[in-house]
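Participant: I'd like to ask some things about the structure below.
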Amino acid sequence: MLEFFSDGGPFMWPLGLWSIMALAFFIERVYTYARMRTEVELSEVTNDLTSRIDSGASFDQLREYCAEVGKLEGEVFKDGIERFEHLSREQRSIEEMRVEMNGTVERAANGYLERYLSVIQFVANSVVLLGLLGTVNGMIGAFEGIAEKGLGEPTIVAAGISEALITTVTGLVIAVPSLAVFTYFNGRAEARSTQFEPYGHGFVDALLRRWSSTKAA
């Protein structure tokens, strides 16, 4: 393996780094999605939080609850509460606040669900180019060997061609699984975001009920 890495030339180092990045963020996504709550648990958390909102809990208390809950729900609802605090100080109609808050919750959910996927996509797209750079570098070395030694030294030519092929293969071996990981988790993110949407809207409705009652008083 070390000999294979060495024969691939200098571009094997960035290729190795890219493969570590893809593996690390793949493990992080697997861990994150494995810890996600079921829809029943999501409903319980949302109902608990909306009950606290309706009962008049302070924003600090709501944030503390979100920190305890953690995961997707905790992060999204915490961002929603912070955005609502700012909006409640502005002169907005209830429909304007609803649109703004629903957008905030949806963006926060997508941000959590799609976290690091852009890095995996970048690895999948760029690692092939890195492999091609290594290929070009290897072919340049092969032709320089031919220009210097002629065709009487086949080992020089073989070394350059070997470097070119190794980097090409390495880039493809990293790119294909990285693209598969991105596609899989992108689909999971879309499905989970759709599942979470009505609960996020219920959370927003609870905040707006509280805001409306405060205005009416």
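By convention in this document, the chains of the structure tokens carry letters A, B, ... by their order, each chain's residues are numbered from 1, and ligands are numbered from 1 in the order they are shown.
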Taking only C-alpha atoms into account, produce a table as a Markdown table in which each residue of stretch 47-109 of chain A with an atom at most 12 Å from an atom of stretch 27-33 of chain A appears once, together with its shortest atom pair and the distance in Å to one decimal, ordered by chain and rising number.

Facilitator:
| residue | atom | partner | partner_atom | distance |
| --- | --- | --- | --- | --- |
| A:Gly70 | CA | A:Thr32 | CA | 11.5 |
| A:Lys71 | CA | A:Thr32 | CA | 8.1 |
| A:Leu72 | CA | A:Thr32 | CA | 9.1 |

Participant: Mind dumping the selected residues with N, CA and C atoms as a compact mmCIF listing (two decimals), in the first residue's frame?

Facilitator:
# COMPACT_ATOMS: atom_id res chain seq x y z
N GLY A 70 -31.79 19.20 22.25
CA GLY A 70 -30.71 19.00 21.31
C GLY A 70 -31.17 18.42 19.98
N LYS A 71 -30.23 17.87 19.24
CA LYS A 71 -30.46 17.23 17.94
C LYS A 71 -31.17 18.21 16.98
N LEU A 72 -31.90 17.66 16.03
CA LEU A 72 -32.56 18.50 15.01
C LEU A 72 -33.55 19.45 15.65

Participant: Within 10 Å of A:Asp205, counting only C-alpha atoms, which residues qualify if same-chain residues fewer than 3 places away don't, as a PDB file with N, CA and C atoms, in the first residue's frame?

Facilitator:
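File out-v2.pdb, as written:
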ATOM      1  N   THR A  50     -44.593  23.434  22.533  1.00  0.00           N
ATOM      2  CA  THR A  50     -45.725  24.330  22.286  1.00  0.00           C
ATOM      3  C   THR A  50     -46.563  24.528  23.556  1.00  0.00           C
ATOM      4  N   ARG A  98     -45.544  35.094  10.046  1.00  0.00           N
ATOM      5  CA  ARG A  98     -45.721  33.672   9.777  1.00  0.00           C
ATOM      6  C   ARG A  98     -44.814  33.224   8.624  1.00  0.00           C
ATOM      7  N   MET A 101     -41.143  33.376   9.820  1.00  0.00           N
ATOM      8  CA  MET A 101     -40.825  32.328  10.785  1.00  0.00           C
ATOM      9  C   MET A 101     -40.819  30.945  10.139  1.00  0.00           C
ATOM     10  N   ASN A 102     -41.790  30.671   9.269  1.00  0.00           N
ATOM     11  CA  ASN A 102     -41.787  29.377   8.571  1.00  0.00           C
ATOM     12  C   ASN A 102     -40.524  29.212   7.734  1.00  0.00           C
ATOM     13  N   TYR A 199     -44.468  19.919  11.889  1.00  0.00           N
ATOM     14  CA  TYR A 199     -44.139  20.156  13.295  1.00  0.00           C
ATOM     15  C   TYR A 199     -43.500  21.538  13.457  1.00  0.00           C
ATOM     16  N   GLY A 200     -42.682  21.918  12.483  1.00  0.00           N
ATOM     17  CA  GLY A 200     -42.108  23.260  12.511  1.00  0.00           C
ATOM     18  C   GLY A 200     -43.173  24.327  12.397  1.00  0.00           C
ATOM     19  N   HIS A 201     -44.173  24.091  11.541  1.00  0.00           N
ATOM     20  CA  HIS A 201     -45.261  25.055  11.387  1.00  0.00           C
ATOM     21  C   HIS A 201     -46.123  25.121  12.653  1.00  0.00           C
ATOM     22  N   GLY A 202     -46.294  23.971  13.314  1.00  0.00           N
ATOM     23  CA  GLY A 202     -47.032  23.974  14.581  1.00  0.00           C
ATOM     24  C   GLY A 202     -46.317  24.789  15.645  1.00  0.00           C
ATOM     25  N   LEU A 208     -46.936  32.469  17.375  1.00  0.00           N
ATOM     26  CA  LEU A 208     -47.800  33.541  16.880  1.00  0.00           C
ATOM     27  C   LEU A 208     -49.057  33.685  17.735  1.00  0.00           C
ATOM     28  N   ARG A 209     -49.565  32.587  18.255  1.00  0.00           N
ATOM     29  CA  ARG A 209     -50.707  32.677  19.185  1.00  0.00           C
ATOM     30  C   ARG A 209     -50.319  33.499  20.403  1.00  0.00           C
ATOM     31  N   ARG A 210     -49.120  33.223  20.882  1.00  0.00           N
ATOM     32  CA  ARG A 210     -48.654  33.964  22.057  1.00  0.00           C
ATOM     33  C   ARG A 210     -48.473  35.439  21.722  1.00  0.00           C
ATOM     34  N   TRP A 211     -47.919  35.711  20.559  1.00  0.00           N
ATOM     35  CA  TRP A 211     -47.684  37.103  20.129  1.00  0.00           C
ATOM     36  C   TRP A 211     -49.031  37.832  19.964  1.00  0.00           C
TER      37      TRP A 211
END

Participant: For A:Ser213, please output as a list in words all residues within 12 Å (counting only C-alpha atoms; exclusion window: fewer than 6 positions along the same chain).

Facilitator: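 Selected residues are Ile53, Asp54, Ser55, Gly56, Ile94, Ala206 and Leu207 of chain A.
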
Participant: Leaving out A:Tyr116 and any residue of its chain fewer than 3 positions from it, which residues lie within 10 Å of it when counting only C-alpha atoms, given as number ranges by chain?

Facilitator: A: 22, 25-26, 28-29, 111-113, 119-122, 182

Participant: Would you write out those residues with C-alpha atoms, as an mmCIF file, in the first residue's frame?

Facilitator:
data_model
loop_
_atom_site.group_PDB
_atom_site.id
_atom_site.type_symbol
_atom_site.label_atom_id
_atom_site.label_comp_id
_atom_site.auth_asym_id
_atom_site.auth_seq_id
_atom_site.Cartn_x
_atom_site.Cartn_y
_atom_site.Cartn_z
ATOM 1 C CA ALA A 22 -15.092 12.254 2.677
ATOM 2 C CA PHE A 25 -18.046 13.569 7.073
ATOM 3 C CA PHE A 26 -19.683 10.293 6.000
ATOM 4 C CA GLU A 28 -20.537 12.205 10.997
ATOM 5 C CA ARG A 29 -23.686 11.996 8.862
ATOM 6 C CA GLY A 111 -29.092 23.454 7.360
ATOM 7 C CA TYR A 112 -28.975 20.750 10.025
ATOM 8 C CA LEU A 113 -30.013 17.928 7.705
ATOM 9 C CA VAL A 119 -18.148 19.189 1.434
ATOM 10 C CA ILE A 120 -18.837 15.611 0.345
ATOM 11 C CA GLN A 121 -20.145 16.896 -2.991
ATOM 12 C CA PHE A 122 -17.026 19.037 -3.396
ATOM 13 C CA PHE A 182 -23.935 12.568 -1.185
#

Participant: When distances are computed from only C-alpha atoms, which of A:Arg52, A:Arg92, A:Arg37, A:Arg63 shows the smallest separation from A:Phe77?

Facilitator: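 Among A:Arg52, A:Arg92, A:Arg37, A:Arg63, it is A:Arg63 that comes nearest to A:Phe77.
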
Participant: I'd like the contact shell of stretch 130-137 of chain A - 9 Å cut-off, only C-alpha atoms, skipping same-chain residues fewer than 2 positions apart - returned as a PyMOL selection string.

Facilitator: chain A and resi 8-12+14-15+126-128+139-142+160-161+163-172

Participant: Please, could you write that set of residues out with C-alpha atoms as a PDB file, in the first residue's frame?

Facilitator:
ATOM      1  CA  GLY A   8       1.366   7.666  -7.444  1.00  0.00           C
ATOM      2  CA  GLY A   9       3.521  10.758  -7.089  1.00  0.00           C
ATOM      3  CA  PRO A  10       2.877  14.055  -5.289  1.00  0.00           C
ATOM      4  CA  PHE A  11      -0.834  14.243  -6.117  1.00  0.00           C
ATOM      5  CA  MET A  12      -1.491  11.221  -3.927  1.00  0.00           C
ATOM      6  CA  PRO A  14      -4.155  15.728  -1.695  1.00  0.00           C
ATOM      7  CA  LEU A  15      -6.053  12.643  -2.872  1.00  0.00           C
ATOM      8  CA  SER A 126     -12.893  17.738  -7.322  1.00  0.00           C
ATOM      9  CA  VAL A 127     -11.162  14.436  -6.586  1.00  0.00           C
ATOM     10  CA  VAL A 128     -11.557  13.365 -10.218  1.00  0.00           C
ATOM     11  CA  MET A 139       2.524  11.690 -18.564  1.00  0.00           C
ATOM     12  CA  ILE A 140       4.714  14.800 -18.493  1.00  0.00           C
ATOM     13  CA  GLY A 141       7.291  12.817 -16.521  1.00  0.00           C
ATOM     14  CA  ALA A 142       7.097   9.974 -19.019  1.00  0.00           C
ATOM     15  CA  GLY A 160       5.517   8.005 -15.529  1.00  0.00           C
ATOM     16  CA  ILE A 161       2.676   5.962 -16.998  1.00  0.00           C
ATOM     17  CA  GLU A 163       1.977   7.362 -11.813  1.00  0.00           C
ATOM     18  CA  ALA A 164      -0.619   8.572 -14.305  1.00  0.00           C
ATOM     19  CA  LEU A 165      -2.754   5.454 -13.983  1.00  0.00           C
ATOM     20  CA  ILE A 166      -2.494   5.229 -10.195  1.00  0.00           C
ATOM     21  CA  THR A 167      -3.768   8.775  -9.655  1.00  0.00           C
ATOM     22  CA  THR A 168      -6.597   8.245 -12.141  1.00  0.00           C
ATOM     23  CA  VAL A 169      -7.737   5.053 -10.424  1.00  0.00           C
ATOM     24  CA  THR A 170      -7.395   6.591  -6.952  1.00  0.00           C
ATOM     25  CA  GLY A 171      -9.466   9.627  -7.937  1.00  0.00           C
ATOM     26  CA  LEU A 172     -12.249   7.442  -9.320  1.00  0.00           C
TER      27      LEU A 172
END

Participant: If DSSP is run on the backbone, what residues of stretch 32-174 of chain A are alpha helix (DSSP H)? A reply as a ChimeraX atom specification would be ideal.

Facilitator: /A:32-34,39-54,59-69,71-87,94-113,117-149,154-174

Participant: Report as a ChimeraX atom specification all protein, DNA and RNA residues lying within 7 Å of A:Asp79, evaluated on only C-alpha atoms, omitting residues in the same chain fewer than 4 positions from it.

Facilitator: /A:75,83,108

Participant: Looking at only C-alpha atoms, which of A:Glu100, A:Glu197, A:Asn125, A:Glu190 is the one that sits closest to A:Ala175?

Facilitator: A:Asn125

Participant: Using only C-alpha atoms, can you tell me which of A:Val123, A:Leu42, A:Val76, A:Val69 comes closest to A:Leu23?

Facilitator: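 Once distances to A:Leu23 are computed over only C-alpha atoms, the minimum belongs to A:Val123.
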
Participant: So how many Å separate atom CA of A:Glu114 and atom CA of A:Asp48, to one decimal?

Facilitator: 26.0 Å

Participant: Which distance in Å separates atom CA of A:Val40 and atom CA of A:Val105, to one decimal?

Facilitator: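 Between atom CA of A:Val40 and atom CA of A:Val105 the gap works out to 19.6 Å.
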
Participant: For A:Asn110, which residue among A:Ala180, A:Ala57, A:Cys66, A:Ala189 is the nearest when counting only C-alpha atoms?

Facilitator: A:Ala189

Participant: Pick out the closest residue to A:Glu39 from this set: A:Trp18, A:Phe203, A:Phe185, A:Phe196. Count only C-alpha atoms.

Facilitator: A:Phe196

Participant: Go through A:Asn47, A:Leu179, A:Lys78, A:Glu96 one by one, measure the shortest atom-to-atom distance of each to A:Leu62 using only C-alpha atoms, and give the residue with the smallest value.

Facilitator: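 Among A:Asn47, A:Leu179, A:Lys78, A:Glu96, it is A:Lys78 that comes nearest to A:Leu62.
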